[in-house]
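Source file: model_33.cif (mmCIF, C-alpha atoms)
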data_query
#
loop_
_atom_site.group_PDB
_atom_site.id
_atom_site.type_symbol
_atom_site.label_atom_id
_atom_site.label_comp_id
_atom_site.auth_asym_id
_atom_site.auth_seq_id
_atom_site.Cartn_x
_atom_site.Cartn_y
_atom_site.Cartn_z
ATOM 1 C CA MET A 1 -8.786 13.001 3.703
ATOM 2 C CA GLN A 2 -11.513 12.505 6.254
ATOM 3 C CA GLU A 3 -14.800 14.246 5.521
ATOM 4 C CA SER A 4 -14.713 15.907 8.946
ATOM 5 C CA LYS A 5 -11.365 17.549 8.114
ATOM 6 C CA LEU A 6 -12.686 18.802 4.773
ATOM 7 C CA GLN A 7 -15.697 20.277 6.556
ATOM 8 C CA ARG A 8 -13.388 21.970 9.049
ATOM 9 C CA ILE A 9 -11.319 23.478 6.217
ATOM 10 C CA ASN A 10 -14.517 24.905 4.749
ATOM 11 C CA GLU A 11 -15.732 26.177 8.126
ATOM 12 C CA LEU A 12 -12.442 27.984 8.730
ATOM 13 C CA ALA A 13 -12.465 29.454 5.208
ATOM 14 C CA HIS A 14 -15.984 30.798 5.727
ATOM 15 C CA LYS A 15 -15.171 32.174 9.163
ATOM 16 C CA SER A 16 -12.026 33.796 7.782
ATOM 17 C CA LYS A 17 -14.114 35.688 5.218
ATOM 18 C CA THR A 18 -16.862 36.732 7.623
ATOM 19 C CA GLU A 19 -15.382 37.442 11.032
ATOM 20 C CA GLY A 20 -11.696 36.564 10.910
ATOM 21 C CA LEU A 21 -9.676 33.849 12.581
ATOM 22 C CA THR A 22 -7.739 33.673 15.812
ATOM 23 C CA GLU A 23 -4.041 32.850 15.634
ATOM 24 C CA GLU A 24 -4.815 29.302 16.771
ATOM 25 C CA GLU A 25 -7.425 28.905 14.023
ATOM 26 C CA LYS A 26 -5.001 30.297 11.420
ATOM 27 C CA LYS A 27 -2.454 27.653 12.418
ATOM 28 C CA GLU A 28 -5.112 24.922 12.312
ATOM 29 C CA GLN A 29 -6.189 26.125 8.871
ATOM 30 C CA ALA A 30 -2.605 26.113 7.572
ATOM 31 C CA ASP A 31 -1.986 22.614 8.968
ATOM 32 C CA LEU A 32 -5.202 21.240 7.440
ATOM 33 C CA ARG A 33 -4.447 22.830 4.078
ATOM 34 C CA ALA A 34 -0.915 21.398 4.089
ATOM 35 C CA GLU A 35 -2.290 17.936 4.872
ATOM 36 C CA TYR A 36 -4.894 18.265 2.104
ATOM 37 C CA ILE A 37 -2.281 19.339 -0.467
ATOM 38 C CA ALA A 38 0.070 16.503 0.540
ATOM 39 C CA GLU A 39 -2.703 13.934 0.083
ATOM 40 C CA TRP A 40 -3.727 15.517 -3.223
ATOM 41 C CA ARG A 41 -0.144 15.279 -4.521
ATOM 42 C CA VAL A 42 0.042 11.591 -3.587
ATOM 43 C CA GLY A 43 -3.182 10.944 -5.503
ATOM 44 C CA VAL A 44 -1.955 12.795 -8.579
ATOM 45 C CA GLN A 45 1.362 10.933 -8.487
ATOM 46 C CA GLN A 46 -0.435 7.592 -8.250
ATOM 47 C CA THR A 47 -2.509 8.539 -11.279
ATOM 48 C CA LEU A 48 0.534 9.627 -13.262
ATOM 49 C CA ASP A 49 2.349 6.416 -12.344
ATOM 50 C CA ASN A 50 -0.323 4.571 -14.345
ATOM 51 C CA VAL A 51 -0.220 6.786 -17.451
ATOM 52 C CA TYR A 52 1.279 5.484 -20.669
ATOM 53 C CA ILE A 53 1.927 7.345 -23.907
ATOM 54 C CA MET A 54 1.311 5.573 -27.203
ATOM 55 C CA ASP A 55 3.598 6.539 -30.071
ATOM 56 C CA GLU A 56 2.693 6.584 -33.765
ATOM 57 C CA HIS A 57 3.695 2.908 -34.082
ATOM 58 C CA GLY A 58 1.344 1.795 -31.321
ATOM 59 C CA ASN A 59 4.066 1.228 -28.741
ATOM 60 C CA LYS A 60 3.209 2.082 -25.170
ATOM 61 C CA LYS A 61 5.774 4.027 -23.186
ATOM 62 C CA LYS A 62 5.498 4.739 -19.484
ATOM 63 C CA LEU A 63 5.202 8.420 -18.636
ATOM 64 C CA THR A 64 8.396 9.653 -17.004
ATOM 65 C CA LYS A 65 9.276 12.765 -15.050
ATOM 66 C CA LYS A 66 10.546 15.656 -17.085
ATOM 67 C CA GLY A 67 14.326 15.591 -17.375
ATOM 68 C CA HIS A 68 14.623 11.794 -16.938
#

Take the structure in the file and write it out as structure tokens.
Amino acid sequence: MQESKLQRINELAHKSKTEGLTEEEKKEQADLRAEYIAEWRVGVQQTLDNVYIMDEHGNKKKLTKKGH
């Protein structure tokens, strides 16, 4: 996520705590947070895609989603 968007998220969070947000700012905040969370999830998934588990015999097994 762009640094400017992260700064804006922080600005809106601070303003929300001190003086409150307008309806337009609340929508902007929700949109930015949703974008941040979506990008965070992609990063976590990419990390997990490269995780392997080693069993007691030294065999590597790719980490799979629960239930698969």

### Query
Which residues, written as a ChimeraX atom specification, have at least one atom at most 9 Å from stretch 1-4 of chain A, with all atoms listed in the file counted and residues fewer than 2 positions away on the same chain left out?
/A:6-9,35-36,39-40

### Message
Please determine, counting all atoms listed in the file, which residue among A:Lys5, A:His57, A:Lys17, A:Lys62 has the shortest atom-to-atom distance to A:Asp31.
### Response
A:Lys5

### Message
Taking 3 positions as the minimum chain separation for residues in the same chain, which residues sit within 12 Å of A:Ala30 when counting all atoms listed in the file? Answer as JSON, numbers by chain.
### Response
{"A": [8, 9, 12, 13, 21, 23, 24, 25, 26, 27, 33, 34, 35, 36, 37]}

Write a file of the selected residues as a PDB file, keeping the file's coordinate frame, keeping C-alpha atoms.
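result04.pdb, freshly written:
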ATOM      1  CA  ARG A   8     -13.388  21.970   9.049  1.00  0.00           C
ATOM      2  CA  ILE A   9     -11.319  23.478   6.217  1.00  0.00           C
ATOM      3  CA  LEU A  12     -12.442  27.984   8.730  1.00  0.00           C
ATOM      4  CA  ALA A  13     -12.465  29.454   5.208  1.00  0.00           C
ATOM      5  CA  LEU A  21      -9.676  33.849  12.581  1.00  0.00           C
ATOM      6  CA  GLU A  23      -4.041  32.850  15.634  1.00  0.00           C
ATOM      7  CA  GLU A  24      -4.815  29.302  16.771  1.00  0.00           C
ATOM      8  CA  GLU A  25      -7.425  28.905  14.023  1.00  0.00           C
ATOM      9  CA  LYS A  26      -5.001  30.297  11.420  1.00  0.00           C
ATOM     10  CA  LYS A  27      -2.454  27.653  12.418  1.00  0.00           C
ATOM     11  CA  ARG A  33      -4.447  22.830   4.078  1.00  0.00           C
ATOM     12  CA  ALA A  34      -0.915  21.398   4.089  1.00  0.00           C
ATOM     13  CA  GLU A  35      -2.290  17.936   4.872  1.00  0.00           C
ATOM     14  CA  TYR A  36      -4.894  18.265   2.104  1.00  0.00           C
ATOM     15  CA  ILE A  37      -2.281  19.339  -0.467  1.00  0.00           C
TER      16      ILE A  37
END

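Atom CA of A:Glu11 sits 28.3 Å away from atom CA of A:Gln45.
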
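Atom pair atom CA of A:Val42 / atom CA of A:Lys66: separated by 17.6 Å.
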
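This file gives the following result for the PyMOL selection byres ((chain A and resi 51) around 9): Thr47, Leu48, Asp49, Asn50, Tyr52, Ile53, Lys61, Lys62 and Leu63 of chain A.
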
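Taking atom CA of A:Gln46 as the reference point, atom CA of A:Glu28 is found at 27.3 Å.
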
Final N, CA, C and O atoms of stretch 6-31 of chain A as a tab-separated table (two decimals), keeping the file's coordinate frame:
chain	number	residue	atom	x	y	z
A	6	LEU	N	-12.29	17.95	5.89
A	6	LEU	CA	-12.69	18.80	4.77
A	6	LEU	C	-13.74	19.82	5.22
A	6	LEU	O	-13.69	20.99	4.83
A	7	GLN	N	-14.68	19.36	6.03
A	7	GLN	CA	-15.70	20.28	6.56
A	7	GLN	C	-15.05	21.36	7.41
A	7	GLN	O	-15.44	22.52	7.33
A	8	ARG	N	-14.07	20.99	8.20
A	8	ARG	CA	-13.39	21.97	9.05
A	8	ARG	C	-12.64	22.99	8.20
A	8	ARG	O	-12.64	24.19	8.52
A	9	ILE	N	-11.99	22.54	7.12
A	9	ILE	CA	-11.32	23.48	6.22
A	9	ILE	C	-12.33	24.50	5.69
A	9	ILE	O	-12.06	25.71	5.67
A	10	ASN	N	-13.49	24.02	5.27
A	10	ASN	CA	-14.52	24.90	4.75
A	10	ASN	C	-15.07	25.84	5.81
A	10	ASN	O	-15.32	27.02	5.54
A	11	GLU	N	-15.25	25.33	7.02
A	11	GLU	CA	-15.73	26.18	8.13
A	11	GLU	C	-14.74	27.31	8.40
A	11	GLU	O	-15.14	28.47	8.56
A	12	LEU	N	-13.46	26.97	8.45
A	12	LEU	CA	-12.44	27.98	8.73
A	12	LEU	C	-12.35	29.00	7.59
A	12	LEU	O	-12.16	30.20	7.83
A	13	ALA	N	-12.50	28.54	6.35
A	13	ALA	CA	-12.46	29.45	5.21
A	13	ALA	C	-13.63	30.43	5.29
A	13	ALA	O	-13.46	31.64	5.07
A	14	HIS	N	-14.81	29.93	5.61
A	14	HIS	CA	-15.98	30.80	5.73
A	14	HIS	C	-15.82	31.79	6.88
A	14	HIS	O	-16.08	32.98	6.72
A	15	LYS	N	-15.36	31.30	8.01
A	15	LYS	CA	-15.17	32.17	9.16
A	15	LYS	C	-14.11	33.24	8.87
A	15	LYS	O	-14.25	34.39	9.28
A	16	SER	N	-13.08	32.86	8.14
A	16	SER	CA	-12.03	33.80	7.78
A	16	SER	C	-12.59	34.96	6.97
A	16	SER	O	-12.19	36.11	7.16
A	17	LYS	N	-13.52	34.66	6.08
A	17	LYS	CA	-14.11	35.69	5.22
A	17	LYS	C	-15.12	36.55	5.96
A	17	LYS	O	-15.29	37.72	5.62
A	18	THR	N	-15.79	35.99	6.95
A	18	THR	CA	-16.86	36.73	7.62
A	18	THR	C	-16.41	37.47	8.87
A	18	THR	O	-16.69	38.65	9.01
A	19	GLU	N	-15.72	36.79	9.76
A	19	GLU	CA	-15.38	37.44	11.03
A	19	GLU	C	-13.91	37.41	11.40
A	19	GLU	O	-13.49	38.01	12.37
A	20	GLY	N	-13.12	36.66	10.62
A	20	GLY	CA	-11.70	36.56	10.91
A	20	GLY	C	-11.39	35.37	11.80
A	20	GLY	O	-12.27	34.83	12.45
A	21	LEU	N	-10.12	35.01	11.82
A	21	LEU	CA	-9.68	33.85	12.58
A	21	LEU	C	-8.72	34.27	13.69
A	21	LEU	O	-7.98	35.24	13.55
A	22	THR	N	-8.73	33.48	14.76
A	22	THR	CA	-7.74	33.67	15.81
A	22	THR	C	-6.41	33.10	15.32
A	22	THR	O	-6.36	32.38	14.31
A	23	GLU	N	-5.35	33.39	16.02
A	23	GLU	CA	-4.04	32.85	15.63
A	23	GLU	C	-4.05	31.32	15.67
A	23	GLU	O	-3.46	30.67	14.81
A	24	GLU	N	-4.72	30.76	16.66
A	24	GLU	CA	-4.82	29.30	16.77
A	24	GLU	C	-5.57	28.72	15.58
A	24	GLU	O	-5.17	27.69	15.01
A	25	GLU	N	-6.65	29.38	15.17
A	25	GLU	CA	-7.42	28.90	14.02
A	25	GLU	C	-6.63	29.05	12.72
A	25	GLU	O	-6.73	28.20	11.83
A	26	LYS	N	-5.84	30.11	12.61
A	26	LYS	CA	-5.00	30.30	11.42
A	26	LYS	C	-3.99	29.16	11.30
A	26	LYS	O	-3.75	28.65	10.21
A	27	LYS	N	-3.41	28.77	12.43
A	27	LYS	CA	-2.45	27.65	12.42
A	27	LYS	C	-3.16	26.35	12.05
A	27	LYS	O	-2.66	25.58	11.24
A	28	GLU	N	-4.34	26.12	12.63
A	28	GLU	CA	-5.11	24.92	12.31
A	28	GLU	C	-5.45	24.89	10.82
A	28	GLU	O	-5.31	23.86	10.16
A	29	GLN	N	-5.84	26.04	10.28
A	29	GLN	CA	-6.19	26.12	8.87
A	29	GLN	C	-4.97	25.80	8.00
A	29	GLN	O	-5.06	25.03	7.04
A	30	ALA	N	-3.83	26.36	8.34
A	30	ALA	CA	-2.60	26.11	7.57
A	30	ALA	C	-2.21	24.64	7.64
A	30	ALA	O	-1.83	24.05	6.62
A	31	ASP	N	-2.32	24.03	8.81
A	31	ASP	CA	-1.99	22.61	8.97
A	31	ASP	C	-2.93	21.73	8.15
A	31	ASP	O	-2.49	20.79	7.47
